[in-house]
$ cat my_file.txt   # compact mmCIF, C-alpha atoms (C1' of nucleotides)
# COMPACT_ATOMS: atom_id res chain seq x y z
CA MET F 1 43.25 2.37 33.13
CA LYS F 2 39.72 1.98 31.87
CA VAL F 3 37.95 4.81 30.10
CA GLU F 4 35.04 4.86 32.51
CA ASP F 5 37.48 5.54 35.31
CA CYS F 6 39.11 8.47 33.55
CA ILE F 7 38.04 11.80 35.00
CA PHE F 8 38.28 13.51 31.61
CA PHE F 9 35.98 10.95 30.10
CA GLN F 10 33.59 11.22 33.02
CA LEU F 11 33.49 15.00 32.79
CA ALA F 12 32.94 14.90 29.04
CA LYS F 13 30.05 12.46 29.27
CA ALA F 14 28.40 14.24 32.17
CA SER F 15 28.68 17.48 30.23
CA ARG F 16 27.12 15.95 27.13
CA ALA F 17 24.30 14.54 29.22
CA GLY F 18 23.74 17.98 30.70
CA SER F 19 23.81 19.75 27.35
CA GLY F 20 21.40 17.25 25.89
CA PHE F 21 19.01 17.65 28.79
CA TRP F 22 19.17 21.43 28.54
CA ALA F 23 18.86 21.40 24.75
CA LYS F 24 15.60 19.44 24.95
CA LYS F 25 14.14 21.98 27.35
CA VAL F 26 14.66 24.90 24.98
CA LYS F 27 14.18 23.12 21.69
CA HIS F 28 10.58 24.27 21.27
CA LEU F 29 11.89 27.84 21.09
CA GLY F 30 13.98 26.93 18.07
CA VAL F 31 17.28 27.66 19.78
CA THR F 32 20.22 25.48 20.77
CA ALA F 33 21.67 25.00 24.23
CA SER F 34 24.41 27.59 23.71
CA GLN F 35 22.14 30.08 22.05
CA ALA F 36 19.77 29.80 24.98
CA MET F 37 22.62 30.59 27.37
CA VAL F 38 23.39 33.76 25.46
CA LEU F 39 19.75 34.82 25.37
CA ASN F 40 19.43 34.12 29.08
CA PHE F 41 22.37 36.35 29.83
CA LEU F 42 20.98 39.15 27.68
CA GLY F 43 17.69 38.79 29.52
CA GLU F 44 19.49 39.86 32.67
CA GLU F 45 21.77 42.42 31.06
CA ASP F 46 20.79 43.72 27.64
CA CYS F 47 22.86 45.61 25.07
CA VAL F 48 26.20 44.23 26.12
CA PRO F 49 29.43 44.42 24.13
CA SER F 50 30.35 41.12 22.54
CA HIS F 51 33.60 40.76 24.46
CA ILE F 52 31.75 41.02 27.77
CA LEU F 53 29.41 38.30 26.59
CA SER F 54 32.41 36.18 25.65
CA ARG F 55 34.02 36.67 29.00
CA LYS F 56 30.91 35.93 31.02
CA LEU F 57 29.99 32.87 29.03
CA GLN F 58 33.63 31.82 28.84
CA ILE F 59 33.83 31.20 25.14
CA THR F 60 36.20 32.75 22.63
CA SER F 61 35.18 35.62 20.43
CA ALA F 62 35.46 33.31 17.45
CA THR F 63 32.82 31.02 18.85
CA MET F 64 30.69 33.95 19.93
CA THR F 65 30.69 35.39 16.42
CA GLY F 66 29.05 32.25 15.06
CA ILE F 67 26.43 32.08 17.77
CA LEU F 68 25.55 35.75 17.33
CA ASP F 69 25.34 35.26 13.56
CA ARG F 70 22.68 32.58 14.00
CA LEU F 71 20.75 34.49 16.65
CA GLU F 72 20.78 37.54 14.42
CA LYS F 73 19.59 35.56 11.43
CA MET F 74 16.64 34.39 13.55
CA ASP F 75 15.95 38.01 14.51
CA LEU F 76 16.39 37.29 18.19
CA ILE F 77 19.22 39.77 18.63
CA GLU F 78 20.61 42.79 16.88
CA ARG F 79 24.18 44.05 16.57
CA ARG F 80 24.38 47.78 17.18
CA PRO F 81 27.34 50.13 17.05
CA HIS F 82 28.95 51.10 20.31
CA HIS F 83 29.31 54.87 20.15
CA ASP F 84 32.01 55.10 22.81
CA ASP F 85 34.21 52.49 21.20
CA ARG F 86 33.97 51.95 17.49
CA ARG F 87 35.78 48.63 17.66
CA ALA F 88 33.01 47.16 19.77
CA ILE F 89 29.42 46.17 19.03
CA LEU F 90 26.46 46.06 21.35
CA VAL F 91 24.42 42.90 21.38
CA CYS F 92 20.77 43.71 22.02
CA LEU F 93 17.66 41.56 22.27
CA SER F 94 14.86 42.01 19.77
CA SER F 95 11.34 42.02 21.17
CA GLN F 96 10.97 38.36 20.31
CA GLY F 97 14.40 37.75 21.78
CA LEU F 98 13.30 39.33 25.01
CA THR F 99 10.21 37.15 25.14
CA HIS F 100 12.35 34.08 24.62
CA ALA F 101 14.91 35.24 27.16
CA LYS F 102 12.25 35.50 29.82
CA GLU F 103 10.94 32.04 29.10
CA ILE F 104 14.44 30.61 29.03
CA ASN F 105 15.11 32.05 32.45
CA THR F 106 12.10 30.25 33.86
CA ILE F 107 13.02 27.03 32.11
CA MET F 108 16.56 27.24 33.43
CA ILE F 109 15.42 27.25 37.02
CA THR F 110 13.13 24.27 36.64
CA ALA F 111 15.62 22.38 34.48
CA ASN F 112 18.40 22.84 37.05
CA ASP F 113 16.05 21.59 39.69
CA ALA F 114 14.97 18.59 37.67
CA PHE F 115 18.46 17.65 36.61
CA LEU F 116 19.74 17.48 40.16
CA SER F 117 16.54 16.24 41.75
CA GLU F 118 18.00 12.85 42.60
CA LEU F 119 20.86 14.35 44.53
CA GLY F 120 19.62 16.16 47.59
CA PRO F 121 20.21 19.90 48.07
CA ASP F 122 23.35 19.27 50.12
CA GLN F 123 24.79 16.88 47.59
CA SER F 124 23.93 19.21 44.74
CA GLN F 125 25.70 22.05 46.44
CA LYS F 126 28.76 19.91 47.00
CA PHE F 127 28.72 18.77 43.41
CA ARG F 128 28.52 22.34 42.14
CA GLU F 129 31.47 23.28 44.31
CA PHE F 130 33.51 20.46 42.84
CA LEU F 131 32.69 21.57 39.33
CA LYS F 132 33.41 25.19 40.03
CA HIS F 133 36.69 24.30 41.64
CA VAL F 134 37.70 22.19 38.68
CA TRP F 135 36.87 24.77 36.09
CA MET F 136 38.14 27.81 37.99
CA GLU F 137 41.50 26.31 38.91
CA ARG F 138 42.17 24.50 35.70
CA SER F 139 41.29 27.07 33.09
CA MET S 1 19.34 32.86 37.34
CA LYS S 2 22.97 33.61 36.66
CA VAL S 3 24.99 31.55 34.21
CA GLU S 4 27.62 30.61 36.76
CA ASP S 5 24.92 29.01 38.88
CA CYS S 6 23.54 26.93 36.05
CA ILE S 7 24.53 23.29 36.36
CA PHE S 8 24.67 22.86 32.57
CA PHE S 9 27.08 25.75 32.31
CA GLN S 10 29.16 24.44 35.18
CA LEU S 11 29.35 20.98 33.64
CA ALA S 12 30.30 22.37 30.25
CA LYS S 13 33.10 24.52 31.64
CA ALA S 14 34.47 21.81 33.88
CA SER S 15 34.44 19.47 30.92
CA ARG S 16 36.30 21.94 28.73
CA ALA S 17 38.85 22.48 31.44
CA GLY S 18 39.32 18.73 31.68
CA SER S 19 39.63 18.25 27.93
CA GLY S 20 42.15 21.06 27.69
CA PHE S 21 44.21 19.61 30.50
CA TRP S 22 44.16 16.17 28.93
CA ALA S 23 44.87 17.51 25.44
CA LYS S 24 48.04 19.19 26.66
CA LYS S 25 49.28 15.95 28.17
CA VAL S 26 49.07 14.06 24.89
CA LYS S 27 49.87 16.85 22.49
CA HIS S 28 53.52 15.84 22.08
CA LEU S 29 52.30 12.59 20.53
CA GLY S 30 50.51 14.52 17.82
CA VAL S 31 47.06 13.31 18.81
CA THR S 32 43.99 15.07 20.16
CA ALA S 33 42.18 14.36 23.40
CA SER S 34 39.55 12.16 21.73
CA GLN S 35 42.04 10.36 19.55
CA ALA S 36 44.09 9.56 22.65
CA MET S 37 41.01 8.06 24.28
CA VAL S 38 40.50 5.74 21.32
CA LEU S 39 44.15 4.70 21.25
CA ASN S 40 44.06 4.07 24.99
CA PHE S 41 41.09 1.78 24.60
CA LEU S 42 42.75 -0.14 21.79
CA GLY S 43 45.82 -0.51 23.97
CA GLU S 44 43.72 -2.56 26.35
CA GLU S 45 41.65 -4.35 23.72
CA ASP S 46 43.00 -4.39 20.19
CA CYS S 47 41.26 -5.26 16.93
CA VAL S 48 37.80 -4.26 18.04
CA PRO S 49 34.80 -3.68 15.76
CA SER S 50 34.00 -0.01 15.33
CA HIS S 51 30.56 -0.26 16.91
CA ILE S 52 32.05 -1.68 20.10
CA LEU S 53 34.46 1.21 20.17
CA SER S 54 31.55 3.61 19.70
CA ARG S 55 29.59 2.02 22.51
CA LYS S 56 32.46 1.95 24.97
CA LEU S 57 33.56 5.50 24.26
CA GLN S 58 29.93 6.63 24.03
CA ILE S 59 30.13 8.49 20.78
CA THR S 60 28.06 7.98 17.66
CA SER S 61 29.33 6.03 14.70
CA ALA S 62 29.36 9.26 12.69
CA THR S 63 31.82 10.84 15.10
CA MET S 64 33.85 7.66 15.29
CA THR S 65 34.26 7.53 11.53
CA GLY S 66 35.98 10.92 11.53
CA ILE S 67 38.29 10.06 14.40
CA LEU S 68 39.27 6.75 12.82
CA ASP S 69 39.87 8.50 9.49
CA ARG S 70 42.41 10.80 11.11
CA LEU S 71 44.08 8.06 13.13
CA GLU S 72 44.35 5.96 10.01
CA LYS S 73 45.83 8.82 8.03
CA MET S 74 48.51 9.13 10.72
CA ASP S 75 49.14 5.37 10.43
CA LEU S 76 48.30 4.79 14.07
CA ILE S 77 45.47 2.37 13.32
CA GLU S 78 44.32 0.17 10.49
CA ARG S 79 40.84 -0.83 9.41
CA ARG S 80 40.63 -4.53 8.67
CA PRO S 81 37.72 -6.63 7.43
CA HIS S 82 35.78 -8.65 9.96
CA HIS S 83 35.51 -12.12 8.48
CA ASP S 84 32.54 -13.20 10.58
CA ASP S 85 30.49 -10.15 9.74
CA ARG S 86 31.11 -8.35 6.49
CA ARG S 87 29.24 -5.27 7.64
CA ALA S 88 31.77 -4.66 10.39
CA ILE S 89 35.40 -3.56 10.41
CA LEU S 90 38.09 -4.32 12.93
CA VAL S 91 40.07 -1.41 14.26
CA CYS S 92 43.63 -2.48 14.97
CA LEU S 93 46.66 -0.59 16.26
CA SER S 94 49.72 -0.23 14.06
CA SER S 95 53.07 -0.78 15.75
CA GLN S 96 53.47 2.95 16.25
CA GLY S 97 49.89 3.09 17.46
CA LEU S 98 50.68 0.45 20.06
CA THR S 99 53.69 2.41 21.26
CA HIS S 100 51.57 5.52 21.60
CA ALA S 101 48.79 3.61 23.30
CA LYS S 102 51.16 2.36 25.98
CA GLU S 103 52.47 5.83 26.64
CA ILE S 104 48.97 7.27 26.70
CA ASN S 105 47.96 4.75 29.32
CA THR S 106 50.78 5.89 31.57
CA ILE S 107 49.99 9.54 30.96
CA MET S 108 46.34 8.96 31.74
CA ILE S 109 47.10 7.67 35.21
CA THR S 110 49.37 10.56 36.14
CA ALA S 111 47.07 13.12 34.52
CA ASN S 112 44.06 11.86 36.46
CA ASP S 113 46.09 12.06 39.59
CA ALA S 114 47.32 15.56 38.88
CA PHE S 115 43.94 16.88 37.84
CA LEU S 116 42.30 15.83 41.08
CA SER S 117 45.27 16.38 43.32
CA GLU S 118 43.70 19.27 45.16
CA LEU S 119 40.67 17.25 46.12
CA GLY S 120 41.63 14.46 48.48
CA PRO S 121 41.06 10.80 47.55
CA ASP S 122 37.72 10.72 49.35
CA GLN S 123 36.51 13.87 47.67
CA SER S 124 37.69 12.67 44.28
CA GLN S 125 35.81 9.45 44.69
CA LYS S 126 32.68 11.31 45.67
CA PHE S 127 33.06 13.63 42.70
CA ARG S 128 33.46 10.73 40.29
CA GLU S 129 30.32 9.15 41.70
CA PHE S 130 28.40 12.34 41.09
CA LEU S 131 29.58 12.51 37.53
CA LYS S 132 28.88 8.89 36.84
CA HIS S 133 25.42 9.22 38.29
CA VAL S 134 24.69 12.25 36.16
CA TRP S 135 25.82 10.71 32.93
CA MET S 136 24.46 7.22 33.52
CA GLU S 137 20.98 8.36 34.54
CA ARG S 138 20.60 11.18 32.09
CA SER S 139 21.80 9.63 28.86
C1' DA Y 1 13.26 -20.05 0.67
C1' DA Y 2 11.52 -15.50 0.99
C1' DC Y 3 10.43 -11.51 3.33
C1' DT Y 4 11.09 -8.24 6.89
C1' DA Y 5 13.53 -6.18 10.53
C1' DA Y 6 17.66 -4.86 12.49
C1' DA Y 7 22.51 -3.72 12.61
C1' DA Y 8 27.15 -1.78 10.80
C1' DG Y 9 29.52 1.86 9.01
C1' DC Y 10 29.60 5.87 5.94
C1' DT Y 11 28.03 10.49 4.27
C1' DT Y 12 25.90 14.91 4.70
C1' DG Y 13 24.62 18.92 7.12
C1' DC Y 14 24.70 21.51 11.17
C1' DA Y 15 26.44 23.74 15.64
C1' DT Y 16 30.10 24.30 18.89
C1' DG Y 17 34.63 24.90 20.36
C1' DC Y 18 39.43 25.97 19.63
C1' DT Y 19 43.90 28.47 17.71
C1' DA Y 20 45.95 31.70 14.80
C1' DT Y 21 45.61 35.68 12.23
C1' DC Y 22 43.87 40.07 10.57
C1' DA Y 23 42.17 45.09 10.26
C1' DA Y 24 40.47 48.75 12.73
C1' DA Y 25 40.37 51.35 16.77
C1' DT Y 26 41.84 52.64 21.29
C1' DA Y 27 45.04 53.47 25.13
C1' DG Y 28 49.30 54.68 27.02
C1' DG Y 29 53.92 56.23 27.17
C1' DA Y 30 57.91 58.90 25.42
C1' DT V 1 52.09 64.71 19.29
C1' DC V 2 53.70 60.34 17.78
C1' DC V 3 54.71 55.69 18.23
C1' DT V 4 53.74 51.34 20.14
C1' DA V 5 51.03 48.01 22.48
C1' DT V 6 46.66 46.33 23.33
C1' DT V 7 41.91 45.46 22.46
C1' DT V 8 37.80 44.26 19.60
C1' DG V 9 35.41 41.52 16.51
C1' DA V 10 35.72 38.83 12.30
C1' DT V 11 37.72 35.14 9.37
C1' DA V 12 39.77 30.72 8.10
C1' DG V 13 40.90 26.12 9.25
C1' DC V 14 40.46 22.24 12.14
C1' DA V 15 38.31 18.59 15.32
C1' DT V 16 34.39 16.96 17.81
C1' DG V 17 29.70 16.07 18.52
C1' DC V 18 24.97 15.22 16.93
C1' DA V 19 20.75 13.59 13.89
C1' DA V 20 19.06 11.80 9.67
C1' DG V 21 19.58 9.12 5.83
C1' DC V 22 21.87 5.63 2.90
C1' DT V 23 23.82 0.85 1.38
C1' DT V 24 25.20 -3.56 2.55
C1' DT V 25 24.80 -7.37 5.32
C1' DT V 26 22.93 -10.22 8.88
C1' DA V 27 19.27 -12.14 11.74
C1' DG V 28 14.72 -13.63 12.55
C1' DT V 29 10.05 -14.99 11.07
C1' DT V 30 6.94 -17.28 8.44
$ encode --input "my_file.txt" --output "structure tokens"
Amino acid sequence: MKVEDCIFFQLAKASRAGSGFWAKKVKHLGVTASQAMVLNFLGEEDCVPSHILSRKLQITSATMTGILDRLEKMDLIERRPHHDDRRAILVCLSSQGLTHAKEINTIMITANDAFLSELGPDQSQKFREFLKHVWMERS
Amino acid sequence: MKVEDCIFFQLAKASRAGSGFWAKKVKHLGVTASQAMVLNFLGEEDCVPSHILSRKLQITSATMTGILDRLEKMDLIERRPHHDDRRAILVCLSSQGLTHAKEINTIMITANDAFLSELGPDQSQKFREFLKHVWMERS
DNA sequence: AACTAAAAGCTTGCATGCTATCAAATAGGA
DNA sequence: TCCTATTTGATAGCATGCAAGCTTTTAGTT
């Protein structure tokens, strides 16, 4: 079986292509693809415990720790104590983080559009369903 | 825009699900998902220069160096000089590497089948075309 | 032949991603 | 209340992945 015909290879390469495309769109903000995803989420729901962030973005807490470290170092977020649960922390946007989050949200819409522009709306929808099916069932 | 509706997120998660699925299938051989891909390729075309391997598997030479280092440490491959071009190296399977490569090839076929079993053959084909389109056009 | 450009593979530095493990804190049951 | 199980976030260690830069070698031009 050839590599190009392997679904795992195909998924990996499509994913890399997507990440690269997305990364370019947010690069001017000084953040990476993953960091932008976190900021985008916080733009919709601010001051969220880290484990909620992990669950929504489907990454482990170990990975999240590193991403939050870098966002905090850039002063885009702040870790605050959670008064109801002293194990937890609240991840909150700084004012600059909020500005970025808003811009990222706009970029995300246009980037999604651009990335799938060659497939029509019907095809795009179908494609998304495939992906969702794959990742929901197999993870 | 919600994360789950973002195509870059969807691709990333589907890819991770795929890698994880594939990794489990080859774990008993003591190799990772990426290492298995390299061995599989060498099983079809042995003693290949590293840059060909990089191009076919679509990873940079920097990444390839690390993967080859680990495969070599496990005595699954060997780096040999390329007599026609002293810049290049030839990546060759050891006898154990060849054994593994053959098994990996078999596993790959069944794993691909299993992974896409819930989509029918038509749907799978369509899905693969989407992925290929995405990664060929956007990279 | 000599010079320049390009290619091959390696190294460094960075960012993700994982698993496994830990301490602290919370929740739940006896 | 007390004991146990679970949860939370952090850490260490590992494997990919990239870009940028380097040396050596080859190819191409003059």
$ interface_residues --input "my_file.txt" --of "chain Y" --to "chain F" --cutoff "9 Å" --atoms "only C-alpha atoms (C1' of nucleotides)" --output "PyMOL selection string"
chain Y and resi 15-18+24-26
$ residues_around --input "my_file.txt" --residues "DA20 (chain Y)" --least-positions-apart "5" --cutoff "12 Å" --atoms "all atoms listed in the file" --output "list of chain:residue names"
F:Ala62, V:DT11, V:DA12, V:DG13, V:DC14
$ interface_residues --input "my_file.txt" --of "chain V" --to "chain F" --cutoff "10 Å" --atoms "all atoms listed in the file" --output "list in words"
DT7, DT8, DG9, DA10, DT11, DG17 and DC18 of chain V
$ closest_atom_pairs --input "my_file.txt" --of "chain F" --to "chain S" --cutoff "9 Å" --atoms "only C-alpha atoms" --output "Markdown table"
| residue | atom | partner | partner_atom | distance |
| --- | --- | --- | --- | --- |
| F:Met1 | CA | S:Asn105 | CA | 6.5 |
| F:Lys2 | CA | S:Phe41 | CA | 7.4 |
| F:Val3 | CA | S:Phe41 | CA | 7.0 |
| F:Glu4 | CA | S:Leu57 | CA | 8.4 |
| F:Asp5 | CA | S:Arg128 | CA | 8.2 |
| F:Cys6 | CA | S:Asn112 | CA | 6.7 |
| F:Ile7 | CA | S:Asn112 | CA | 6.2 |
| F:Phe8 | CA | S:Gly18 | CA | 5.3 |
| F:Phe9 | CA | S:Met37 | CA | 8.2 |
| F:Gln10 | CA | S:Leu131 | CA | 6.2 |
| F:Leu11 | CA | S:Ser15 | CA | 4.9 |
| F:Ala12 | CA | S:Ser15 | CA | 5.2 |
| F:Lys13 | CA | S:Trp135 | CA | 5.9 |
| F:Ala14 | CA | S:Trp135 | CA | 4.4 |
| F:Ser15 | CA | S:Leu11 | CA | 4.9 |
| F:Arg16 | CA | S:Ala12 | CA | 7.8 |
| F:Ala17 | CA | S:Ser139 | CA | 5.5 |
| F:Gly18 | CA | S:Phe8 | CA | 5.3 |
| F:Ser19 | CA | S:Phe8 | CA | 6.1 |
| F:Gly20 | CA | S:Ser139 | CA | 8.2 |
| F:Phe21 | CA | S:Arg138 | CA | 7.4 |
| F:Trp22 | CA | S:Phe8 | CA | 7.0 |
| F:Met37 | CA | S:Val3 | CA | 7.3 |
| F:Asn40 | CA | S:Val3 | CA | 8.0 |
| F:Phe41 | CA | S:Val3 | CA | 7.0 |
| F:Glu44 | CA | S:Lys2 | CA | 8.2 |
| F:Lys56 | CA | S:Val3 | CA | 8.0 |
| F:Leu57 | CA | S:Val3 | CA | 7.3 |
| F:Gln58 | CA | S:Lys13 | CA | 7.8 |
| F:Asn105 | CA | S:Met1 | CA | 6.5 |
| F:Thr106 | CA | S:Met1 | CA | 8.4 |
| F:Met108 | CA | S:Met1 | CA | 7.4 |
| F:Ile109 | CA | S:Met1 | CA | 6.9 |
| F:Asn112 | CA | S:Ile7 | CA | 6.2 |
| F:Phe115 | CA | S:Arg138 | CA | 8.2 |
| F:Leu116 | CA | S:Val134 | CA | 8.2 |
| F:Leu119 | CA | S:Phe130 | CA | 8.5 |
| F:Gln123 | CA | S:Phe130 | CA | 8.7 |
| F:Ser124 | CA | S:Phe130 | CA | 9.0 |
| F:Lys126 | CA | S:Phe127 | CA | 8.7 |
| F:Phe127 | CA | S:Phe127 | CA | 6.8 |
| F:Arg128 | CA | S:Ile7 | CA | 7.1 |
| F:Phe130 | CA | S:Phe127 | CA | 6.8 |
| F:Leu131 | CA | S:Ala14 | CA | 5.7 |
| F:Lys132 | CA | S:Gln10 | CA | 6.5 |
| F:His133 | CA | S:Ala14 | CA | 8.4 |
| F:Val134 | CA | S:Ala14 | CA | 5.8 |
| F:Trp135 | CA | S:Ala14 | CA | 4.4 |
| F:Met136 | CA | S:Ala14 | CA | 8.1 |
| F:Glu137 | CA | S:Ala17 | CA | 8.8 |
| F:Arg138 | CA | S:Ala17 | CA | 5.8 |
| F:Ser139 | CA | S:Ala17 | CA | 5.5 |
$ closest_residue --input "my_file.txt" --among "Y:DT12, Y:DT19, Y:DA1, Y:DA7" --to "DT24 (chain V)" --atoms "all atoms listed in the file"
Y:DA7
$ atom_distance --input "my_file.txt" --atom1 "CA of Ile107 (chain S)" --atom2 "CA of Asp75 (chain S)"
21.0 Å
$ calpha_fit_and_write --input "my_file.txt" --fixed "chain F" --moving "chain S" --output "short mmCIF file (atom, residue, chain, number, x, y, z; two decimals) with C-alpha atoms, in the coordinates of the input"
data_model
loop_
_atom_site.label_atom_id
_atom_site.label_comp_id
_atom_site.auth_asym_id
_atom_site.auth_seq_id
_atom_site.Cartn_x
_atom_site.Cartn_y
_atom_site.Cartn_z
CA MET S 1 43.29 2.39 33.16
CA LYS S 2 39.77 1.99 31.89
CA VAL S 3 37.98 4.81 30.11
CA GLU S 4 35.08 4.85 32.54
CA ASP S 5 37.51 5.56 35.35
CA CYS S 6 39.14 8.47 33.58
CA ILE S 7 38.05 11.79 35.03
CA PHE S 8 38.30 13.52 31.64
CA PHE S 9 35.98 10.94 30.14
CA GLN S 10 33.59 11.21 33.05
CA LEU S 11 33.49 14.99 32.80
CA ALA S 12 32.93 14.89 29.05
CA LYS S 13 30.04 12.44 29.31
CA ALA S 14 28.39 14.22 32.19
CA SER S 15 28.69 17.44 30.25
CA ARG S 16 27.12 15.92 27.16
CA ALA S 17 24.31 14.52 29.23
CA GLY S 18 23.74 17.96 30.70
CA SER S 19 23.81 19.72 27.34
CA GLY S 20 21.39 17.22 25.88
CA PHE S 21 19.02 17.63 28.78
CA TRP S 22 19.16 21.40 28.52
CA ALA S 23 18.85 21.37 24.73
CA LYS S 24 15.60 19.43 24.95
CA LYS S 25 14.15 21.97 27.35
CA VAL S 26 14.66 24.87 24.98
CA LYS S 27 14.17 23.11 21.69
CA HIS S 28 10.57 24.26 21.27
CA LEU S 29 11.88 27.83 21.09
CA GLY S 30 13.98 26.93 18.08
CA VAL S 31 17.28 27.66 19.78
CA THR S 32 20.23 25.48 20.75
CA ALA S 33 21.68 24.99 24.21
CA SER S 34 24.42 27.58 23.69
CA GLN S 35 22.14 30.07 22.03
CA ALA S 36 19.76 29.78 24.98
CA MET S 37 22.62 30.57 27.34
CA VAL S 38 23.39 33.76 25.44
CA LEU S 39 19.75 34.83 25.36
CA ASN S 40 19.44 34.11 29.07
CA PHE S 41 22.38 36.34 29.81
CA LEU S 42 20.99 39.15 27.69
CA GLY S 43 17.70 38.79 29.53
CA GLU S 44 19.50 39.85 32.68
CA GLU S 45 21.80 42.41 31.07
CA ASP S 46 20.82 43.70 27.65
CA CYS S 47 22.88 45.61 25.10
CA VAL S 48 26.22 44.23 26.15
CA PRO S 49 29.45 44.42 24.14
CA SER S 50 30.37 41.12 22.54
CA HIS S 51 33.62 40.74 24.47
CA ILE S 52 31.77 40.99 27.77
CA LEU S 53 29.43 38.30 26.58
CA SER S 54 32.42 36.16 25.62
CA ARG S 55 34.04 36.64 28.99
CA LYS S 56 30.93 35.90 31.01
CA LEU S 57 29.98 32.84 29.00
CA GLN S 58 33.64 31.80 28.77
CA ILE S 59 33.81 31.19 25.07
CA THR S 60 36.19 32.71 22.56
CA SER S 61 35.20 35.59 20.35
CA ALA S 62 35.44 33.26 17.35
CA THR S 63 32.78 30.99 18.79
CA MET S 64 30.67 33.94 19.86
CA THR S 65 30.66 35.38 16.36
CA GLY S 66 29.02 32.23 15.00
CA ILE S 67 26.40 32.08 17.73
CA LEU S 68 25.53 35.75 17.30
CA ASP S 69 25.31 35.28 13.53
CA ARG S 70 22.66 32.60 13.97
CA LEU S 71 20.74 34.50 16.63
CA GLU S 72 20.75 37.56 14.43
CA LYS S 73 19.55 35.59 11.43
CA MET S 74 16.61 34.41 13.55
CA ASP S 75 15.93 38.05 14.52
CA LEU S 76 16.38 37.31 18.20
CA ILE S 77 19.22 39.79 18.64
CA GLU S 78 20.62 42.82 16.89
CA ARG S 79 24.17 44.07 16.60
CA ARG S 80 24.38 47.79 17.21
CA PRO S 81 27.37 50.14 17.09
CA HIS S 82 28.99 51.12 20.36
CA HIS S 83 29.34 54.88 20.21
CA ASP S 84 32.06 55.11 22.86
CA ASP S 85 34.24 52.51 21.23
CA ARG S 86 34.00 51.96 17.51
CA ARG S 87 35.80 48.64 17.71
CA ALA S 88 33.01 47.16 19.79
CA ILE S 89 29.42 46.18 19.05
CA LEU S 90 26.47 46.07 21.38
CA VAL S 91 24.42 42.91 21.40
CA CYS S 92 20.78 43.73 22.06
CA LEU S 93 17.67 41.57 22.28
CA SER S 94 14.87 42.05 19.79
CA SER S 95 11.35 42.04 21.20
CA GLN S 96 10.97 38.37 20.33
CA GLY S 97 14.41 37.76 21.78
CA LEU S 98 13.30 39.34 25.04
CA THR S 99 10.22 37.14 25.16
CA HIS S 100 12.35 34.07 24.62
CA ALA S 101 14.90 35.22 27.16
CA LYS S 102 12.24 35.50 29.84
CA GLU S 103 10.94 32.04 29.11
CA ILE S 104 14.44 30.61 29.03
CA ASN S 105 15.12 32.04 32.46
CA THR S 106 12.10 30.24 33.86
CA ILE S 107 13.02 27.02 32.11
CA MET S 108 16.56 27.22 33.42
CA ILE S 109 15.41 27.24 37.02
CA THR S 110 13.12 24.25 36.64
CA ALA S 111 15.62 22.37 34.49
CA ASN S 112 18.39 22.82 37.05
CA ASP S 113 16.05 21.58 39.68
CA ALA S 114 14.97 18.57 37.67
CA PHE S 115 18.46 17.64 36.60
CA LEU S 116 19.73 17.46 40.16
CA SER S 117 16.56 16.22 41.74
CA GLU S 118 17.98 12.85 42.62
CA LEU S 119 20.86 14.35 44.53
CA GLY S 120 19.60 16.16 47.60
CA PRO S 121 20.19 19.91 48.06
CA ASP S 122 23.32 19.30 50.12
CA GLN S 123 24.76 16.91 47.59
CA SER S 124 23.92 19.23 44.72
CA GLN S 125 25.68 22.07 46.42
CA LYS S 126 28.73 19.93 47.02
CA PHE S 127 28.71 18.80 43.40
CA ARG S 128 28.51 22.36 42.12
CA GLU S 129 31.45 23.30 44.32
CA PHE S 130 33.49 20.48 42.84
CA LEU S 131 32.69 21.58 39.34
CA LYS S 132 33.38 25.20 40.03
CA HIS S 133 36.68 24.33 41.63
CA VAL S 134 37.69 22.22 38.67
CA TRP S 135 36.87 24.80 36.08
CA MET S 136 38.09 27.85 37.98
CA GLU S 137 41.47 26.36 38.90
CA ARG S 138 42.16 24.56 35.68
CA SER S 139 41.27 27.16 33.08
#
$ atom_distance --input "my_file.txt" --atom1 "CA of Leu42 (chain F)" --atom2 "CA of Leu93 (chain F)"
6.8 Å
$ closest_residue --input "my_file.txt" --among "F:Leu76, F:Ile52, F:Cys47, F:Val91" --to "Gly30 (chain F)" --atoms "only C-alpha atoms"
F:Leu76
$ atom_distance --input "my_file.txt" --atom1 "C1' of DA8 (chain Y)" --atom2 "C1' of DT25 (chain V)"
8.2 Å
$ axis_aligned_box --input "my_file.txt" --around "region 15-27 of chain Y" --padding-each-side "6 Å" --output "lines of an AutoDock Vina configuration file"
center_x = 36.2
center_y = 38.6
center_z = 17.7
size_x = 31.5
size_y = 41.7
size_z = 26.9
$ build_atoms --input "my_file.txt" --residues "region 132-136 of chain S" --atoms "N, CA and C atoms" --output "PDB file, in the frame of the given file"
ATOM      1  N   LYS S 132      29.368  10.142  37.404  1.00  0.00           N
ATOM      2  CA  LYS S 132      28.880   8.890  36.840  1.00  0.00           C
ATOM      3  C   LYS S 132      27.360   8.821  36.937  1.00  0.00           C
ATOM      4  N   HIS S 133      26.864   9.213  38.081  1.00  0.00           N
ATOM      5  CA  HIS S 133      25.420   9.220  38.290  1.00  0.00           C
ATOM      6  C   HIS S 133      24.734  10.089  37.259  1.00  0.00           C
ATOM      7  N   VAL S 134      25.264  11.285  37.094  1.00  0.00           N
ATOM      8  CA  VAL S 134      24.690  12.250  36.160  1.00  0.00           C
ATOM      9  C   VAL S 134      24.655  11.700  34.743  1.00  0.00           C
ATOM     10  N   TRP S 135      25.776  11.116  34.335  1.00  0.00           N
ATOM     11  CA  TRP S 135      25.820  10.710  32.930  1.00  0.00           C
ATOM     12  C   TRP S 135      25.143   9.378  32.691  1.00  0.00           C
ATOM     13  N   MET S 136      25.114   8.506  33.710  1.00  0.00           N
ATOM     14  CA  MET S 136      24.460   7.220  33.520  1.00  0.00           C
ATOM     15  C   MET S 136      22.934   7.361  33.534  1.00  0.00           C
TER      16      MET S 136
END
